[in-house]
Every structure is written in C-alpha cells, then in structure tokens.
file model.json (JSON, C-alpha atoms)
[["chain", "number", "residue", "atom", "x", "y", "z"],
["A", 1, "MET", "CA", 2.47, -18.33, 53.42],
["A", 2, "LYS", "CA", -0.15, -15.68, 52.67],
["A", 3, "GLN", "CA", 2.59, -13.12, 51.99],
["A", 4, "ARG", "CA", 4.33, -15.52, 49.57],
["A", 5, "PHE", "CA", 1.02, -16.18, 47.77],
["A", 6, "THR", "CA", 0.33, -12.42, 47.51],
["A", 7, "LEU", "CA", 3.87, -11.82, 46.22],
["A", 8, "ALA", "CA", 3.46, -14.58, 43.61],
["A", 9, "ILE", "CA", 0.16, -13.09, 42.43],
["A", 10, "SER", "CA", 1.76, -9.64, 42.19],
["A", 11, "MET", "CA", 4.63, -10.99, 40.14],
["A", 12, "MET", "CA", 2.20, -12.74, 37.82],
["A", 13, "VAL", "CA", 0.23, -9.50, 37.35],
["A", 14, "LEU", "CA", 3.42, -7.58, 36.63],
["A", 15, "ALA", "CA", 4.49, -10.24, 34.15],
["A", 16, "CYS", "CA", 1.13, -9.97, 32.40],
["A", 17, "PHE", "CA", 1.47, -6.20, 32.15],
["A", 18, "ALA", "CA", 5.01, -6.60, 30.82],
["A", 19, "PHE", "CA", 3.78, -9.08, 28.22],
["A", 20, "VAL", "CA", 0.99, -6.72, 27.15],
["A", 21, "GLY", "CA", 3.48, -3.86, 26.97],
["A", 22, "LEU", "CA", 5.80, -5.90, 24.77],
["A", 23, "ALA", "CA", 2.89, -6.95, 22.58],
["A", 24, "GLN", "CA", 1.84, -3.32, 22.20],
["A", 25, "LYS", "CA", 5.39, -2.31, 21.30],
["A", 26, "LYS", "CA", 5.56, -5.14, 18.76],
["A", 27, "GLU", "CA", 2.24, -4.08, 17.29],
["A", 28, "GLU", "CA", 3.41, -0.47, 17.11],
["A", 29, "GLY", "CA", 6.63, -1.61, 15.46],
["A", 30, "GLU", "CA", 4.71, -3.58, 12.89],
["A", 31, "ASN", "CA", 2.65, -0.49, 12.07],
["A", 32, "VAL", "CA", 5.65, 1.76, 11.56],
["A", 33, "ILE", "CA", 6.20, 2.95, 7.98],
["A", 34, "LYS", "CA", 9.68, 2.01, 6.81],
["A", 35, "VAL", "CA", 11.11, 4.71, 4.54],
["A", 36, "LEU", "CA", 14.17, 4.44, 2.31],
["A", 37, "ILE", "CA", 15.61, 7.70, 0.94],
["A", 38, "LEU", "CA", 17.74, 7.35, -2.20],
["A", 39, "ASP", "CA", 20.41, 9.94, -2.99],
["A", 40, "GLY", "CA", 24.04, 10.10, -4.12],
["A", 41, "GLN", "CA", 23.74, 12.16, -7.27],
["A", 42, "ASN", "CA", 21.69, 15.26, -8.05],
["A", 43, "ASN", "CA", 22.17, 18.58, -9.82],
["A", 44, "HIS", "CA", 20.72, 19.95, -6.58],
["A", 45, "LYS", "CA", 22.43, 19.92, -3.17],
["A", 46, "TRP", "CA", 21.30, 16.50, -1.96],
["A", 47, "LYS", "CA", 23.78, 16.51, 0.94],
["A", 48, "GLU", "CA", 21.81, 19.45, 2.34],
["A", 49, "THR", "CA", 18.30, 18.30, 1.46],
["A", 50, "THR", "CA", 18.45, 14.63, 2.50],
["A", 51, "PRO", "CA", 19.01, 15.64, 6.17],
["A", 52, "ILE", "CA", 15.94, 17.90, 5.91],
["A", 53, "LEU", "CA", 13.88, 14.99, 4.62],
["A", 54, "GLN", "CA", 15.14, 12.92, 7.55],
["A", 55, "GLN", "CA", 14.13, 15.75, 9.92],
["A", 56, "ILE", "CA", 10.65, 15.87, 8.40],
["A", 57, "TYR", "CA", 10.02, 12.16, 8.94],
["A", 58, "GLY", "CA", 11.58, 12.46, 12.38],
["A", 59, "THR", "CA", 8.75, 14.76, 13.47],
["A", 60, "ASN", "CA", 6.25, 11.89, 13.31],
["A", 61, "ASP", "CA", 6.67, 8.56, 15.06],
["A", 62, "LYS", "CA", 4.89, 6.72, 12.26],
["A", 63, "PHE", "CA", 8.10, 6.71, 10.26],
["A", 64, "VAL", "CA", 11.51, 5.09, 10.53],
["A", 65, "VAL", "CA", 14.04, 6.18, 7.93],
["A", 66, "GLU", "CA", 17.16, 4.82, 6.31],
["A", 67, "VAL", "CA", 19.25, 6.33, 3.51],
["A", 68, "SER", "CA", 20.92, 4.54, 0.61],
["A", 69, "THR", "CA", 23.55, 6.63, -1.15],
["A", 70, "SER", "CA", 24.61, 5.56, -4.62],
["A", 71, "PRO", "CA", 28.14, 5.89, -5.94],
["A", 72, "ASP", "CA", 28.94, 9.36, -7.23],
["A", 73, "GLU", "CA", 29.72, 10.36, -10.81],
["A", 74, "LYS", "CA", 33.22, 8.89, -10.45],
["A", 75, "GLY", "CA", 31.97, 5.60, -9.02],
["A", 76, "THR", "CA", 33.76, 2.50, -10.20],
["A", 77, "GLU", "CA", 32.09, -0.52, -11.75],
["A", 78, "ALA", "CA", 32.78, -2.44, -8.55],
["A", 79, "GLU", "CA", 31.08, 0.28, -6.46],
["A", 80, "TRP", "CA", 28.01, 0.24, -8.69],
["A", 81, "ASP", "CA", 27.94, -3.55, -8.59],
["A", 82, "ALA", "CA", 27.88, -3.36, -4.79],
["A", 83, "TRP", "CA", 25.01, -0.84, -4.65],
["A", 84, "ARG", "CA", 21.87, -2.93, -4.36],
["A", 85, "PRO", "CA", 19.15, -1.26, -2.24],
["A", 86, "GLU", "CA", 16.85, -3.90, -0.72],
["A", 87, "PHE", "CA", 13.57, -2.25, -1.70],
["A", 88, "SER", "CA", 11.48, -5.12, -0.37],
["A", 89, "LYS", "CA", 12.52, -4.25, 3.21],
["A", 90, "TYR", "CA", 10.64, -0.94, 3.02],
["A", 91, "ASP", "CA", 7.11, 0.34, 2.63],
["A", 92, "VAL", "CA", 8.03, 3.41, 0.61],
["A", 93, "VAL", "CA", 11.03, 4.71, -1.33],
["A", 94, "VAL", "CA", 11.72, 8.46, -1.48],
["A", 95, "SER", "CA", 13.88, 9.62, -4.38],
["A", 96, "ASN", "CA", 16.19, 12.59, -3.89],
["A", 97, "TYR", "CA", 18.22, 11.36, -6.87],
["A", 98, "ASN", "CA", 18.92, 12.83, -10.30],
["A", 99, "GLY", "CA", 21.98, 11.40, -12.02],
["A", 100, "GLN", "CA", 23.40, 8.38, -13.79],
["A", 101, "MET", "CA", 21.07, 5.57, -14.80],
["A", 102, "TRP", "CA", 20.84, 2.88, -12.14],
["A", 103, "PRO", "CA", 22.17, -0.57, -13.00],
["A", 104, "GLY", "CA", 19.69, -2.85, -14.78],
["A", 105, "GLU", "CA", 19.34, -5.12, -11.75],
["A", 106, "VAL", "CA", 18.42, -2.16, -9.53],
["A", 107, "ARG", "CA", 15.94, -0.82, -12.09],
["A", 108, "ALA", "CA", 14.24, -4.21, -12.39],
["A", 109, "ALA", "CA", 14.02, -4.59, -8.62],
["A", 110, "PHE", "CA", 12.56, -1.10, -8.26],
["A", 111, "VAL", "CA", 9.91, -1.64, -10.93],
["A", 112, "ASP", "CA", 8.96, -4.92, -9.26],
["A", 113, "PHE", "CA", 8.75, -3.16, -5.88],
["A", 114, "VAL", "CA", 6.34, -0.43, -7.03],
["A", 115, "GLU", "CA", 4.35, -2.63, -9.41],
["A", 116, "ASN", "CA", 3.63, -5.04, -6.57],
["A", 117, "GLY", "CA", 2.42, -2.46, -4.08],
["A", 118, "GLY", "CA", 5.44, -0.50, -2.86],
["A", 119, "GLY", "CA", 5.11, 3.24, -2.30],
["A", 120, "PHE", "CA", 7.21, 5.81, -4.14],
["A", 121, "VAL", "CA", 7.74, 9.52, -3.41],
["A", 122, "VAL", "CA", 9.32, 11.79, -6.04],
["A", 123, "VAL", "CA", 10.95, 14.97, -4.70],
["A", 124, "HIS", "CA", 11.64, 17.98, -6.95],
["A", 125, "ALA", "CA", 14.60, 17.22, -9.28],
["A", 126, "ALA", "CA", 13.97, 13.48, -9.05],
["A", 127, "ASP", "CA", 11.45, 14.14, -11.82],
["A", 128, "ASN", "CA", 14.33, 15.29, -14.03],
["A", 129, "ALA", "CA", 15.89, 11.85, -13.85],
["A", 130, "PHE", "CA", 15.81, 8.90, -16.25],
["A", 131, "SER", "CA", 14.10, 10.46, -19.27],
["A", 132, "MET", "CA", 14.80, 7.30, -21.29],
["A", 133, "TRP", "CA", 13.40, 4.84, -18.70],
["A", 134, "PRO", "CA", 9.75, 4.21, -19.71],
["A", 135, "GLU", "CA", 8.59, 2.59, -16.46],
["A", 136, "TYR", "CA", 10.05, 5.38, -14.35],
["A", 137, "ASN", "CA", 8.39, 8.05, -16.48],
["A", 138, "GLU", "CA", 5.05, 6.29, -16.16],
["A", 139, "MET", "CA", 5.50, 6.17, -12.38],
["A", 140, "ILE", "CA", 6.23, 9.90, -12.03],
["A", 141, "GLY", "CA", 3.62, 11.01, -14.57],
["A", 142, "LEU", "CA", 5.40, 14.22, -15.58],
["A", 143, "GLY", "CA", 9.06, 15.13, -15.79],
["A", 144, "GLY", "CA", 11.40, 17.78, -17.10],
["A", 145, "TRP", "CA", 14.70, 18.27, -18.88],
["A", 146, "GLY", "CA", 16.81, 15.28, -19.99],
["A", 147, "GLY", "CA", 15.72, 15.77, -23.61],
["A", 148, "ARG", "CA", 12.02, 15.40, -22.85],
["A", 149, "ASN", "CA", 9.72, 16.64, -25.61],
["A", 150, "GLU", "CA", 6.36, 15.86, -27.24],
["A", 151, "LYS", "CA", 7.46, 12.24, -27.69],
["A", 152, "SER", "CA", 7.63, 11.97, -23.89],
["A", 153, "GLY", "CA", 3.94, 12.81, -23.50],
["A", 154, "PRO", "CA", 1.71, 15.87, -23.10],
["A", 155, "TYR", "CA", 1.98, 18.97, -20.97],
["A", 156, "VAL", "CA", -0.61, 18.92, -18.20],
["A", 157, "TYR", "CA", -1.82, 22.07, -16.47],
["A", 158, "TYR", "CA", -4.88, 24.03, -15.39],
["A", 159, "LYS", "CA", -6.12, 26.97, -17.44],
["A", 160, "ASP", "CA", -9.20, 29.02, -16.51],
["A", 161, "GLY", "CA", -10.00, 26.44, -13.84],
["A", 162, "GLU", "CA", -9.99, 23.51, -16.27],
["A", 163, "LEU", "CA", -7.52, 20.64, -16.57],
["A", 164, "VAL", "CA", -5.71, 20.77, -19.92],
["A", 165, "VAL", "CA", -3.82, 17.93, -21.59],
["A", 166, "ASP", "CA", -1.70, 19.71, -24.18],
["A", 167, "ARG", "CA", 0.01, 17.61, -26.87],
["A", 168, "SER", "CA", 1.70, 20.51, -28.65],
["A", 169, "GLU", "CA", 5.38, 20.32, -29.55],
["A", 170, "GLY", "CA", 8.07, 21.66, -27.27],
["A", 171, "PRO", "CA", 10.66, 20.80, -24.64],
["A", 172, "GLY", "CA", 9.80, 19.55, -21.19],
["A", 173, "GLY", "CA", 11.04, 21.34, -18.11],
["A", 174, "ASN", "CA", 11.44, 25.00, -17.19],
["A", 175, "HIS", "CA", 11.25, 27.38, -14.22],
["A", 176, "GLY", "CA", 11.59, 31.05, -13.44],
["A", 177, "PRO", "CA", 13.49, 32.79, -10.62],
["A", 178, "GLN", "CA", 12.99, 31.41, -7.12],
["A", 179, "ARG", "CA", 10.22, 33.12, -5.20],
["A", 180, "GLU", "CA", 7.34, 32.58, -2.82],
["A", 181, "PHE", "CA", 4.16, 31.46, -4.57],
["A", 182, "ILE", "CA", 0.62, 30.39, -3.80],
["A", 183, "VAL", "CA", -0.25, 26.70, -4.03],
["A", 184, "THR", "CA", -3.88, 25.99, -4.98],
["A", 185, "LYS", "CA", -5.69, 22.78, -4.08],
["A", 186, "ARG", "CA", -7.26, 20.93, -7.02],
["A", 187, "ALA", "CA", -8.50, 17.72, -5.39],
["A", 188, "ASP", "CA", -10.85, 17.97, -2.43],
["A", 189, "ASP", "CA", -11.60, 14.26, -2.30],
["A", 190, "HIS", "CA", -8.10, 12.77, -2.38],
["A", 191, "PRO", "CA", -6.75, 11.50, 0.98],
["A", 192, "ILE", "CA", -3.55, 13.54, 0.69],
["A", 193, "THR", "CA", -5.22, 16.93, 0.16],
["A", 194, "ALA", "CA", -8.52, 16.34, 1.97],
["A", 195, "GLY", "CA", -8.94, 19.22, 4.42],
["A", 196, "MET", "CA", -6.01, 21.18, 3.03],
["A", 197, "THR", "CA", -6.34, 24.96, 2.83],
["A", 198, "SER", "CA", -7.58, 25.93, -0.63],
["A", 199, "ASP", "CA", -4.72, 28.39, -1.23],
["A", 200, "TRP", "CA", -1.51, 28.68, 0.77],
["A", 201, "LEU", "CA", 1.73, 30.57, 0.45],
["A", 202, "HIS", "CA", 4.79, 28.39, -0.05],
["A", 203, "THR", "CA", 8.25, 29.67, 0.85],
["A", 204, "LYS", "CA", 10.95, 30.62, -1.68],
["A", 205, "ASP", "CA", 11.32, 27.80, -4.19],
["A", 206, "GLU", "CA", 11.61, 26.94, -7.87],
["A", 207, "LEU", "CA", 8.21, 26.77, -9.56],
["A", 208, "TYR", "CA", 8.51, 24.05, -12.20],
["A", 209, "ASP", "CA", 6.57, 24.52, -15.43],
["A", 210, "LYS", "CA", 6.23, 22.81, -18.81],
["A", 211, "LEU", "CA", 6.64, 19.35, -17.32],
["A", 212, "ARG", "CA", 5.49, 16.61, -19.65],
["A", 213, "GLY", "CA", 5.20, 12.84, -19.63],
["A", 214, "PRO", "CA", 2.81, 9.89, -19.92],
["A", 215, "ALA", "CA", 0.46, 11.37, -17.27],
["A", 216, "LYS", "CA", -1.29, 7.99, -16.86],
["A", 217, "ASN", "CA", -3.37, 7.18, -13.79],
["A", 218, "MET", "CA", -2.51, 10.63, -12.43],
["A", 219, "THR", "CA", -4.46, 13.05, -10.25],
["A", 220, "VAL", "CA", -3.25, 16.65, -10.04],
["A", 221, "LEU", "CA", -3.61, 17.51, -6.36],
["A", 222, "ALA", "CA", -2.36, 21.11, -6.37],
["A", 223, "THR", "CA", -1.03, 23.73, -8.76],
["A", 224, "ALA", "CA", 0.74, 27.10, -8.77],
["A", 225, "LEU", "CA", 0.54, 29.94, -11.27],
["A", 226, "SER", "CA", 3.70, 30.24, -13.33],
["A", 227, "GLU", "CA", 4.90, 33.69, -14.31],
["A", 228, "LYS", "CA", 6.63, 32.06, -17.29],
["A", 229, "THR", "CA", 3.68, 30.20, -18.82],
["A", 230, "HIS", "CA", 0.73, 32.05, -17.22],
["A", 231, "ARG", "CA", -0.71, 28.60, -16.50],
["A", 232, "ASP", "CA", -1.43, 26.80, -13.25],
["A", 233, "GLU", "CA", 1.29, 24.15, -13.25],
["A", 234, "PRO", "CA", 1.16, 20.88, -11.25],
["A", 235, "MET", "CA", 2.94, 21.05, -7.90],
["A", 236, "LEU", "CA", 1.55, 17.94, -6.18],
["A", 237, "MET", "CA", 0.41, 14.76, -7.94],
["A", 238, "ALA", "CA", -0.81, 11.30, -6.96],
["A", 239, "LEU", "CA", -0.45, 8.31, -9.27],
["A", 240, "THR", "CA", -0.84, 4.57, -9.36],
["A", 241, "TYR", "CA", 1.51, 2.15, -11.06],
["A", 242, "GLY", "CA", 0.40, -1.46, -10.95],
["A", 243, "GLU", "CA", -0.50, -2.06, -7.31],
["A", 244, "GLY", "CA", 1.79, 0.74, -6.14],
["A", 245, "ARG", "CA", 1.08, 4.37, -5.27],
["A", 246, "VAL", "CA", 3.24, 7.39, -6.11],
["A", 247, "PHE", "CA", 3.28, 10.84, -4.52],
["A", 248, "HIS", "CA", 5.07, 13.42, -6.68],
["A", 249, "THR", "CA", 6.00, 16.86, -5.33],
["A", 250, "THR", "CA", 7.81, 19.39, -7.50],
["A", 251, "LEU", "CA", 8.50, 21.49, -4.39],
["A", 252, "GLY", "CA", 11.74, 21.36, -2.43],
["A", 253, "HIS", "CA", 14.55, 22.92, -4.46],
["A", 254, "ILE", "CA", 16.96, 23.43, -1.55],
["A", 255, "ASP", "CA", 17.03, 23.30, 2.25],
["A", 256, "TYR", "CA", 15.17, 26.59, 2.78],
["A", 257, "SER", "CA", 12.52, 25.50, 0.25],
["A", 258, "MET", "CA", 11.82, 22.41, 2.33],
["A", 259, "GLN", "CA", 11.74, 24.25, 5.67],
["A", 260, "CYS", "CA", 8.13, 25.31, 5.18],
["A", 261, "ARG", "CA", 5.18, 23.90, 7.10],
["A", 262, "GLY", "CA", 3.34, 23.32, 3.84],
["A", 263, "PHE", "CA", 6.19, 21.18, 2.53],
["A", 264, "TYR", "CA", 6.45, 19.26, 5.83],
["A", 265, "ASP", "CA", 2.75, 18.43, 6.01],
["A", 266, "THR", "CA", 2.31, 17.49, 2.35],
["A", 267, "MET", "CA", 5.41, 15.28, 2.47],
["A", 268, "LEU", "CA", 4.20, 13.46, 5.58],
["A", 269, "ARG", "CA", 0.68, 12.94, 4.28],
["A", 270, "GLY", "CA", 1.84, 12.07, 0.77],
["A", 271, "THR", "CA", 4.32, 9.52, 2.08],
["A", 272, "GLU", "CA", 1.76, 7.92, 4.37],
["A", 273, "TRP", "CA", -0.67, 7.59, 1.46],
["A", 274, "ALA", "CA", 1.98, 6.13, -0.84],
["A", 275, "ALA", "CA", 2.87, 3.56, 1.81],
["A", 276, "THR", "CA", -0.58, 2.64, 3.13],
["A", 277, "ASN", "CA", -3.29, 3.99, 0.79],
["A", 278, "SER", "CA", -4.74, 6.08, 3.63],
["A", 279, "VAL", "CA", -3.88, 9.23, 5.55],
["A", 280, "THR", "CA", -4.21, 9.65, 9.30],
["A", 281, "ILE", "CA", -1.71, 12.49, 9.83],
["A", 282, "GLU", "CA", -3.48, 15.76, 10.64],
["A", 283, "TRP", "CA", -2.73, 19.16, 9.14],
["A", 284, "SER", "CA", -0.66, 21.38, 11.44],
["A", 285, "GLU", "CA", -2.45, 24.19, 13.24],
["A", 286, "ASP", "CA", 0.10, 26.67, 11.83],
["A", 287, "PHE", "CA", -0.32, 25.52, 8.22],
["A", 288, "PRO", "CA", 0.32, 28.47, 5.87],
["A", 289, "THR", "CA", -2.46, 30.80, 4.79],
["A", 290, "LYS", "CA", -2.90, 32.50, 1.45],
["A", 291, "ASP", "CA", -1.16, 35.60, 2.81],
["A", 292, "LYS", "CA", 1.46, 34.15, 5.12],
["A", 293, "THR", "CA", 3.90, 31.28, 4.79],
["A", 294, "THR", "CA", 5.04, 29.33, 7.86],
["A", 295, "PRO", "CA", 8.79, 28.70, 8.08],
["A", 296, "ILE", "CA", 10.12, 25.98, 10.32],
["A", 297, "THR", "CA", 11.71, 27.65, 13.34],
["A", 298, "ALA", "CA", 15.29, 27.22, 14.48],
["A", 299, "ALA", "CA", 14.07, 25.66, 17.73],
["A", 300, "GLU", "CA", 12.11, 23.02, 15.83],
["A", 301, "LYS", "CA", 15.15, 22.19, 13.69],
["A", 302, "VAL", "CA", 17.22, 21.59, 16.84],
["A", 303, "ALA", "CA", 14.43, 19.49, 18.38],
["A", 304, "GLU", "CA", 14.20, 17.32, 15.30]]
call {"tool": "encode", "arguments": {"input": "model.json", "output": "structure tokens"}}
result
Amino acid sequence: MKQRFTLAISMMVLACFAFVGLAQKKEEGENVIKVLILDGQNNHKWKETTPILQQIYGTNDKFVVEVSTSPDEKGTEAEWDAWRPEFSKYDVVVSNYNGQMWPGEVRAAFVDFVENGGGFVVVHAADNAFSMWPEYNEMIGLGGWGGRNEKSGPYVYYKDGELVVDRSEGPGGNHGPQREFIVTKRADDHPITAGMTSDWLHTKDELYDKLRGPAKNMTVLATALSEKTHRDEPMLMALTYGEGRVFHTTLGHIDYSMQCRGFYDTMLRGTEWAATNSVTIEWSEDFPTKDKTTPITAAEKVAE
C-alpha cells in the first residue's frame, strides 16, 4: 500500500512538472516575434537575399519567420487576386519587395496593420518601391528612384555634424560603386542603437545617397559618408506611423552585403524594436570595429 501511495505521489509530481513545462513552452511561444517577409519582385536578387534574411532571424530564438511571395511581373489577375497576406497574424512585416503596386485591398490591409501597431522593416531597395503611394512613403520616411523629386519631400543628411533638411530641387535616389564604408552612430539614446559602436566598418555594399521623402516622425540612427555627395547619408532610420513602428535600413544590396555582423545585429535589434517597442538582443562580441569588418563565416552559414 505504501509503495502504491509513493508511486501515486511521484506520478502527481511528474504531472505537475509536465504541466509547468507546457505552461512555460506556451508562454515562450506567446512571446515569440512572428515575422512575415514579403518578396516576389525586386530589381535586386531577392531569391538570394530572402534566404539570408531567414538565416539572420534563425540565429535568434525570439523569431519565427514565414515568407509571402507575390506573383511575378507576368502574374495573372487571378494570381494577384489570390495573393492576400494575412498581416494581422504577424508582429512585424519585413519588405524585400520592389516592383508592381500591390492590389488596393492589400495596400489597405497593410496600412491598417501598421497604423494600428504592427511593425514594419524596410530593407534596401524596398525604399525604391511605391513612389506614388503616400502612406507607404510616410512609413519609410525617405526613398529613392521611381520619379521621386522635390515634390516627394526633402533630402535629409548630416553635414558638419548637424542634421540638415534640404528642400532644394533634384531627383531622389543615387549611389556610387559598391565598397566597404564606415557607418557612424547618430542616436545614442534610441533602443536600436543604444550601446552600438560609434563607428564601424560595413562590408561591400551600395551606399545610398540623395534619398528624399516626407521624413515625418523619423530619427536618423546612423549615417555613412558618400563619395558622391560628400554628405553623411542616412543608413539606419526609425520611424513611427500611427501606433506602428518602422525600422528602415538602406544596407543589404546583395547576399554578401548582408553577410556582415553589423547587418545581422542591426536587423535583429531593429526588428525586435519594430515589433515590441523595446530591444533585449545584445550586440555580438565580434561586432565590427572602425578598422575591421566582421563577415559571417561559412561555418555559421551552415549552422543557420
């Protein structure tokens, strides 16, 4: 009898531990950041860069990722009618898209998502998209190409250490040859860049310059000196749109441009902020210095 009683107590204890374990797993699941990457069209090689973005989020267990790929340039009306990303299922949307205008129903759903608190992350050429969509341009702050000009909004840059809002005439969007360049922190007190090295060397990439747009509710987080304009052009930005938060990175031209520790860390921290309004992800110990960039190793790529 005593053995049966002891066995029953043991089973009850095990059941309690199992219940606690399940509760902890549920709680962890509820705290996971759900990410949706959008691609399908881009003047850049999205089929190569979307997997890198997935790898980046795969390095941190805070994130779970899904991808929604739009129809391509030859997509039929029926295919576009069937493409309806369910934004409300996610905490943050990451755009790796630059192409045809989304259907009106998708645009309306996306504006509603961000305006009501959804996070949005803009990667490189995604800021070339939708020059004629006012809400999108307000979300991203600055953009390039697509016929953007002084009617789109001012240029924004740093000159002699001061933020400049330049309303002069001219086209929006330009870059020089790909190269390594130094990224300079401009916001010590923002959650994304708090604790970031003041100056760090980014790997070979396109350095966007002459971006222009509404620039509302925008904080320039980091800049880089353009050889074309001789100005410190925005590289990382944080914005608000309604109740939503937007992280905008102009970095990440192609796969090798993304395979840099600086890109990894800023993407992870920027995405967490856009989704939650706080940042808990630490900077990597091998974050680049002013004199040395930190490429992602082949072993890490396999592990991811």
call {"tool": "closest_residue", "arguments": {"input": "model.json", "among": "A:Asp61, A:Asp265, A:Asp160, A:Glu48", "to": "A:Met196", "atoms": "only C-alpha atoms"}}
result
A:Asp265
call {"tool": "closest_residue", "arguments": {"input": "model.json", "among": "A:Phe247, A:Tyr155, A:Tyr264, A:Trp273", "to": "A:Lys210", "atoms": "all atoms listed in the file"}}
result
A:Tyr155
call {"tool": "closest_residue", "arguments": {"input": "model.json", "among": "A:Gly244, A:Pro214, A:Gly40, A:Pro134", "to": "A:Val165", "atoms": "only C-alpha atoms"}}
result
A:Pro214
call {"tool": "closest_atom_pairs", "arguments": {"input": "model.json", "of": "stretch 111-140 of chain A", "to": "stretch 172-181 of chain A", "cutoff": "12 Å", "atoms": "all atoms listed in the file", "output": "Markdown table"}}
result
| residue | atom | partner | partner_atom | distance |
| --- | --- | --- | --- | --- |
| A:His124 | CA | A:Gly173 | CA | 11.7 |
| A:Ala125 | CA | A:Gly173 | CA | 10.4 |
| A:Asp127 | CA | A:Gly173 | CA | 9.6 |
| A:Asn128 | CA | A:Gly173 | CA | 8.0 |
| A:Ala129 | CA | A:Gly173 | CA | 11.5 |
| A:Ser131 | CA | A:Gly172 | CA | 10.2 |
call {"tool": "residues_around", "arguments": {"input": "model.json", "residues": "A:Asp112", "least_positions_apart": "5", "cutoff": "10 Å", "atoms": "all atoms listed in the file", "output": "number ranges by chain"}}
result
A: 87-88, 106-107, 117-118, 242, 244
call {"tool": "closest_residue", "arguments": {"input": "model.json", "among": "A:Gln100, A:Gln54, A:Thr297, A:Asn31", "to": "A:Ala275", "atoms": "only C-alpha atoms"}}
result
A:Asn31
call {"tool": "atom_distance", "arguments": {"input": "model.json", "atom1": "atom CA of A:Gly75", "atom2": "atom CA of A:Gly146"}}
result
21.1 Å
call {"tool": "residues_around", "arguments": {"input": "model.json", "residues": "A:Asp81", "least_positions_apart": "3", "cutoff": "12 Å", "atoms": "all atoms listed in the file", "output": "list of chain:residue names"}}
result
A:Ser70, A:Pro71, A:Gly75, A:Thr76, A:Glu77, A:Ala78, A:Arg84, A:Pro85, A:Trp102, A:Pro103, A:Gly104, A:Glu105, A:Val106
call {"tool": "atom_distance", "arguments": {"input": "model.json", "atom1": "atom CA of A:Thr49", "atom2": "atom CA of A:Tyr97"}}
result
10.8 Å
call {"tool": "residues_near_point", "arguments": {"input": "model.json", "point": "(7.1, 11.8, -17.5)", "cutoff": "12 Å", "atoms": "all atoms listed in the file", "output": "ChimeraX atom specification"}}
result
/A:122,126-156,172-173,210-216,218,239,248
call {"tool": "atom_distance", "arguments": {"input": "model.json", "atom1": "atom CA of A:Thr266", "atom2": "atom CA of A:Pro171"}}
result
28.4 Å
call {"tool": "closest_residue", "arguments": {"input": "model.json", "among": "A:Ser278, A:Ser284, A:Thr197, A:Thr184", "to": "A:Leu236", "atoms": "all atoms listed in the file"}}
result
A:Thr184
call {"tool": "residues_near_point", "arguments": {"input": "model.json", "point": "(-4.2, 8.0, 4.9)", "cutoff": "10 Å", "atoms": "only C-alpha atoms", "output": "number ranges by chain"}}
result
A: 190-192, 194, 269-282
call {"tool": "closest_residue", "arguments": {"input": "model.json", "among": "A:Gly161, A:Gly170, A:Gly252, A:Pro295", "to": "A:Thr223", "atoms": "only C-alpha atoms"}}
result
A:Gly161
